[in-house]
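Structure file structure.cif; described as mmCIF, C-alpha atoms.
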```cif
data_query
#
loop_
_atom_site.label_atom_id
_atom_site.label_comp_id
_atom_site.auth_asym_id
_atom_site.auth_seq_id
_atom_site.Cartn_x
_atom_site.Cartn_y
_atom_site.Cartn_z
CA GLN T 1364 29.31 -6.40 110.03
CA ALA T 1365 32.97 -5.86 109.17
CA GLU T 1366 32.65 -2.14 109.92
CA GLN T 1367 31.06 -2.87 113.29
CA LEU T 1368 33.85 -5.30 114.24
CA MET T 1369 36.70 -3.17 112.91
CA ASN T 1370 37.72 -1.39 116.11
CA THR T 1371 37.17 -4.21 118.58
CA ARG T 1372 37.87 -7.37 116.56
CA PRO T 1373 39.74 -6.48 113.36
CA ASP T 1374 40.75 -10.12 112.89
CA SER T 1375 37.09 -11.11 112.63
CA ALA T 1376 36.42 -8.15 110.33
CA LEU T 1377 39.23 -9.34 108.05
CA THR T 1378 37.83 -12.88 107.99
CA LEU T 1379 34.43 -11.55 106.91
CA LEU T 1380 35.97 -9.40 104.20
CA GLN T 1381 38.12 -12.21 102.88
CA GLY T 1382 35.03 -14.43 102.78
CA MET T 1383 33.50 -12.07 100.20
CA ALA T 1384 36.37 -12.47 97.72
CA ASP T 1385 34.49 -14.86 95.41
CA THR T 1386 31.53 -12.50 94.99
CA LEU T 1387 33.42 -9.22 94.46
CA ALA T 1388 33.41 -9.49 90.67
CA THR T 1389 29.61 -9.20 90.67
CA LEU T 1390 29.56 -6.01 92.75
CA PRO T 1391 29.73 -2.35 91.62
CA GLU T 1392 33.17 -0.77 91.38
CA GLU T 1393 32.63 1.50 94.39
CA THR T 1394 31.67 -1.49 96.53
CA ARG T 1395 34.80 -3.34 95.41
CA MET T 1396 36.98 -0.33 96.19
CA TYR T 1397 35.42 0.13 99.61
CA HIS T 1398 35.87 -3.58 100.33
CA GLN T 1399 39.56 -3.28 99.47
CA LEU T 1400 39.90 -0.15 101.62
CA LEU T 1401 38.29 -1.91 104.59
CA THR T 1402 40.61 -4.89 104.05
CA ILE T 1403 43.63 -2.58 104.24
CA GLN T 1404 42.16 -1.01 107.39
CA ALA T 1405 41.64 -4.41 109.05
CA LYS T 1406 45.22 -5.43 108.31
CA ASP T 1407 46.56 -2.11 109.57
CA LYS T 1408 44.67 -2.50 112.85
CA GLN T 1409 46.36 -5.89 113.30
CA TYR T 1410 49.78 -4.34 112.67
CA ILE T 1411 50.24 -6.29 109.45
CA THR T 1412 52.97 -4.40 107.60
CA HIS T 1413 52.08 -2.78 104.29
CA THR T 1414 54.70 -3.69 101.70
CA SER T 1415 53.28 -2.24 98.47
CA ASP T 1416 51.49 0.98 97.54
CA SER T 1417 49.91 -0.23 94.29
CA LEU T 1418 46.49 -1.17 95.72
CA ILE T 1419 46.05 1.84 97.99
CA ASN T 1420 47.12 4.16 95.18
CA ARG T 1421 44.35 2.73 92.97
CA ILE T 1422 41.86 3.24 95.78
CA VAL T 1423 43.00 6.84 96.31
CA ALA T 1424 42.75 7.57 92.58
CA PHE T 1425 39.20 6.16 92.55
CA TYR T 1426 37.98 8.25 95.46
CA GLU T 1427 39.64 11.38 94.08
CA GLU T 1428 37.19 11.00 91.18
CA TYR T 1429 34.25 9.44 93.02
CA GLY T 1430 33.61 12.40 95.29
CA ASN T 1431 33.07 10.78 98.71
CA SER T 1432 35.18 13.02 100.98
CA ASP T 1433 35.04 10.76 104.05
CA ARG T 1434 36.25 7.74 102.11
CA LEU T 1435 38.85 9.85 100.33
CA MET T 1436 40.14 10.99 103.74
CA MET T 1437 40.27 7.36 104.86
CA ALA T 1438 42.07 6.35 101.65
CA TYR T 1439 44.68 9.08 102.11
CA TYR T 1440 45.15 8.02 105.73
CA TYR T 1441 45.92 4.43 104.78
CA GLN T 1442 48.10 5.61 101.92
CA GLY T 1443 50.09 7.47 104.56
CA SER T 1444 50.15 4.37 106.74
CA THR T 1445 51.43 2.35 103.79
CA TYR T 1446 54.29 4.77 103.14
CA ARG T 1447 55.02 4.84 106.88
CA ASP T 1448 55.52 1.06 106.81
CA MET T 1449 57.65 1.43 103.68
CA ASN T 1450 59.89 3.94 105.54
CA ASP T 1451 59.01 6.72 103.11
CA ALA T 1452 58.33 9.55 105.57
CA PRO T 1453 57.99 12.40 103.00
CA ARG T 1454 55.26 10.61 101.03
CA ALA T 1455 53.59 9.44 104.26
CA LEU T 1456 53.42 13.00 105.58
CA LYS T 1457 52.09 14.27 102.24
CA ALA T 1458 49.30 11.67 102.33
CA PHE T 1459 48.42 12.52 105.94
CA HIS T 1460 48.23 16.22 105.01
CA GLN T 1461 45.92 15.30 102.14
CA ALA T 1462 43.75 13.28 104.53
CA ILE T 1463 43.38 16.36 106.75
CA ASP T 1464 42.48 18.53 103.76
CA ALA T 1465 39.91 15.99 102.54
CA GLY T 1466 38.41 15.76 106.04
CA LYS T 1467 37.98 19.48 106.71
CA ASP T 1468 34.19 19.04 106.95
CA THR T 1469 34.15 15.51 108.32
CA LYS T 1470 32.48 14.31 111.50
CA ASN T 1471 35.03 11.50 111.80
CA LEU T 1472 37.09 13.22 114.48
CA THR T 1473 38.69 9.94 115.52
CA LEU T 1474 40.33 9.51 112.11
CA LEU T 1475 41.49 13.14 112.14
CA GLY T 1476 43.03 12.52 115.56
CA GLN T 1477 44.74 9.38 114.29
CA THR T 1478 46.10 11.29 111.30
CA TYR T 1479 47.65 14.02 113.43
CA GLY T 1480 48.97 11.36 115.81
CA GLN T 1481 50.70 9.52 112.97
CA MET T 1482 52.21 12.77 111.76
CA GLY T 1483 53.53 13.46 115.25
CA THR T 1484 55.20 10.06 115.34
CA LEU T 1485 56.83 10.56 111.94
CA PHE T 1486 58.11 14.00 112.92
CA SER T 1487 59.55 12.49 116.11
CA TYR T 1488 61.42 9.81 114.13
CA GLN T 1489 62.98 12.60 112.09
CA LYS T 1490 63.86 14.52 115.27
CA LEU T 1491 61.59 17.39 114.22
CA TYR T 1492 60.37 17.76 117.76
CA ASP T 1493 58.57 21.11 117.50
CA GLU T 1494 56.50 19.84 114.58
CA ALA T 1495 55.91 16.58 116.45
CA LEU T 1496 54.54 18.43 119.48
CA LYS T 1497 52.23 20.56 117.35
CA ALA T 1498 50.78 17.55 115.55
CA THR T 1499 50.38 15.47 118.71
CA ARG T 1500 48.68 18.30 120.58
CA LYS T 1501 46.29 18.71 117.66
CA ALA T 1502 45.47 15.02 117.90
CA LEU T 1503 44.78 15.50 121.62
CA GLN T 1504 42.16 18.12 120.83
CA PHE T 1505 40.17 15.67 118.73
CA TYR T 1506 40.35 12.92 121.34
CA ILE T 1507 39.16 15.35 124.02
CA LEU T 1508 36.13 16.11 121.85
CA GLN T 1509 35.54 12.38 121.42
CA GLU T 1510 36.10 11.73 125.14
CA ASP T 1511 38.51 8.98 124.11
CA SER T 1512 40.51 8.52 127.31
CA ALA T 1513 42.55 5.55 126.05
CA ARG T 1514 43.98 7.38 123.05
CA TYR T 1515 44.30 10.56 125.13
CA SER T 1516 46.52 8.60 127.50
CA TYR T 1517 48.73 7.28 124.70
CA LEU T 1518 49.17 10.74 123.21
CA ASN T 1519 50.21 12.21 126.55
CA ARG T 1520 52.77 9.40 126.71
CA ASP T 1521 53.96 10.34 123.22
CA ILE T 1522 54.35 13.98 124.27
CA ALA T 1523 56.35 12.80 127.28
CA ARG T 1524 58.65 10.84 124.95
CA ILE T 1525 59.17 13.90 122.75
CA TYR T 1526 60.13 16.04 125.73
CA ASN T 1527 62.41 13.28 127.01
CA ALA T 1528 64.15 13.12 123.62
CA GLN T 1529 64.71 16.88 123.87
CA GLY T 1530 66.24 16.48 127.33
CA LYS T 1531 63.28 18.25 128.97
CA GLN T 1532 62.78 15.61 131.61
CA ASP T 1533 60.62 17.62 134.00
CA SER T 1534 58.12 18.23 131.22
CA ALA T 1535 58.35 14.57 130.27
CA LEU T 1536 57.46 13.51 133.81
CA PHE T 1537 54.48 15.88 133.84
CA TYR T 1538 53.02 14.31 130.68
CA TYR T 1539 53.80 10.77 131.81
CA GLN T 1540 51.74 11.51 134.92
CA ARG T 1541 48.87 12.79 132.78
CA ALA T 1542 49.10 9.62 130.70
CA LEU T 1543 48.79 7.58 133.89
CA ASN T 1544 45.80 9.57 135.10
CA PHE T 1545 43.83 9.00 131.91
CA GLY T 1546 44.93 5.40 131.32
CA ILE T 1547 44.35 4.12 134.82
CA ALA T 1548 41.74 1.54 133.75
CA ASN T 1549 44.13 -0.13 131.31
CA VAL T 1550 46.45 -2.17 133.53
CA ARG T 1551 48.92 -3.11 130.81
CA GLN T 1552 49.15 0.48 129.62
CA ARG T 1553 49.69 1.67 133.20
CA TYR T 1554 52.63 -0.66 133.76
CA ASN T 1555 54.19 0.21 130.41
CA ILE T 1556 54.08 3.90 131.29
CA LEU T 1557 55.46 3.23 134.77
CA SER T 1558 58.33 1.30 133.19
CA GLU T 1559 59.20 4.32 131.03
CA ILE T 1560 59.04 6.62 134.04
CA ALA T 1561 61.37 4.30 135.93
CA GLY T 1562 63.79 4.39 133.00
CA LEU T 1563 63.73 8.18 132.98
CA HIS T 1564 64.55 8.31 136.71
CA TYR T 1565 67.33 5.77 136.18
CA TYR T 1566 69.03 7.86 133.48
CA ARG T 1567 68.73 10.91 135.73
CA GLY T 1568 70.62 9.00 138.41
CA GLU T 1569 67.56 8.85 140.67
CA MET T 1570 68.03 5.20 141.56
CA LYS T 1571 65.73 5.13 144.60
CA LYS T 1572 62.81 6.54 142.61
CA ALA T 1573 63.45 4.10 139.76
CA LYS T 1574 63.68 1.17 142.19
CA TYR T 1575 60.46 2.18 143.97
CA ILE T 1576 58.51 2.23 140.70
CA LEU T 1577 60.03 -1.01 139.42
CA GLU T 1578 59.12 -2.79 142.65
CA GLU T 1579 55.50 -2.09 141.70
CA VAL T 1580 55.88 -3.00 138.04
CA ILE T 1581 58.03 -6.16 138.05
CA PRO T 1582 55.68 -8.50 140.01
CA GLU T 1583 52.82 -7.64 137.64
CA HIS T 1584 54.79 -7.14 134.44
CA PRO T 1585 57.81 -9.45 134.69
CA TYR T 1586 58.69 -9.52 130.99
#
```
Just give me the structure of the file as structure tokens.
Amino acid sequence: QAEQLMNTRPDSALTLLQGMADTLATLPEETRMYHQLLTIQAKDKQYITHTSDSLINRIVAFYEEYGNSDRLMMAYYYQGSTYRDMNDAPRALKAFHQAIDAGKDTKNLTLLGQTYGQMGTLFSYQKLYDEALKATRKALQFYILQEDSARYSYLNRDIARIYNAQGKQDSALFYYQRALNFGIANVRQRYNILSEIAGLHYYRGEMKKAKYILEEVIPEHPY
């Protein structure tokens, strides 16, 4: 049940997992480890900041011995997410690379896409823009295969931000437009992207274009 709720209602998934706490001692070690891994996943999906690596490191060590490559890939991914939250980019990137290696034969293309996407973000924070573009484009490939238009839209937005940071504003506008095209059904996402486009026009001195876009955004997205 927790697995089924994880992507749509991670708060409910976490409630279910926490409700099992009293019975965990009676369960096999692998079940306990997987329960803890799912708990970390549920918290991550709710943007609850990871503050310690001790638990995820135990989980990684277990799956390195246990031999389940999909769960090892997942464990490495959340180890990377933990180090990301702890502002330790080198160890986060190492863990994400290990997740990719562990998942070389996986069918979980969504998690591979997320891993490359996280790497792209970390590279961007370090101003390693070429590496960021490579990783983000790799993530795009997996989301195309999954026909995941929502994540595809966000990644095009991320590419636009990378180009904007490099001062390549024409390329940034191109990818912002692609993000809009694929995220059209998500109203909040659309207005967020339009706000960024307006900001880009503003900093280019294109006040009329910025004003035109903001006149669409502000009535629907006043904050």
(request) Give as a VMD selection string the residues that the PyMOL selection byres ((chain T and resi 1447) around 12) matches when applied to the coordinates above. (result) chain T and resid 1407 1412 to 1416 1440 to 1446 1448 to 1459 1478 1481 to 1482 1484 to 1486 1488
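As for atom CA of T:Gly1466 and atom CA of T:Ser1432, they are spaced 6.6 Å apart.
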Exercise. How many Å separate atom CA of T:Arg1500 from atom CA of T:Leu1563?
Worked result: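 Between these atoms lies a distance of 22.0 Å.
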Legend entry - Expected selection from the PyMOL selection byres ((chain T and resi 1572-1576) around 9), given as a list in words: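 Applying the PyMOL selection byres ((chain T and resi 1572-1576) around 9) to the structure shown produces Leu1557, Ser1558, Ile1560, Ala1561, Gly1562, Leu1563, His1564, Tyr1565, Gly1568, Glu1569, Met1570, Lys1571, Leu1577, Glu1578, Glu1579, Val1580 and Ile1581 of chain T.
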T:Leu1496 proximity check over T:Glu1392, T:Asp1468, T:Glu1427, T:Asp1521, using all atoms listed in the file: winner is T:Asp1521
Item to check | Interatomic distance (Å, one decimal) between atom CA of T:Phe1505 and atom CA of T:Tyr1538 | outcome: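 Here the two named atoms are 17.6 Å from each other.
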Tell me which residues the PyMOL selection byres ((chain T and resi 1421) around 12) grabs here, as a list in words.
-> Glu1392, Glu1393, Arg1395, Met1396, Tyr1397, Gln1399, Leu1400, Ser1415, Asp1416, Ser1417, Leu1418, Ile1419, Asn1420, Ile1422, Val1423, Ala1424, Phe1425, Tyr1426, Glu1427, Glu1428, Leu1435, Ala1438, Tyr1439 and Gln1442 of chain T
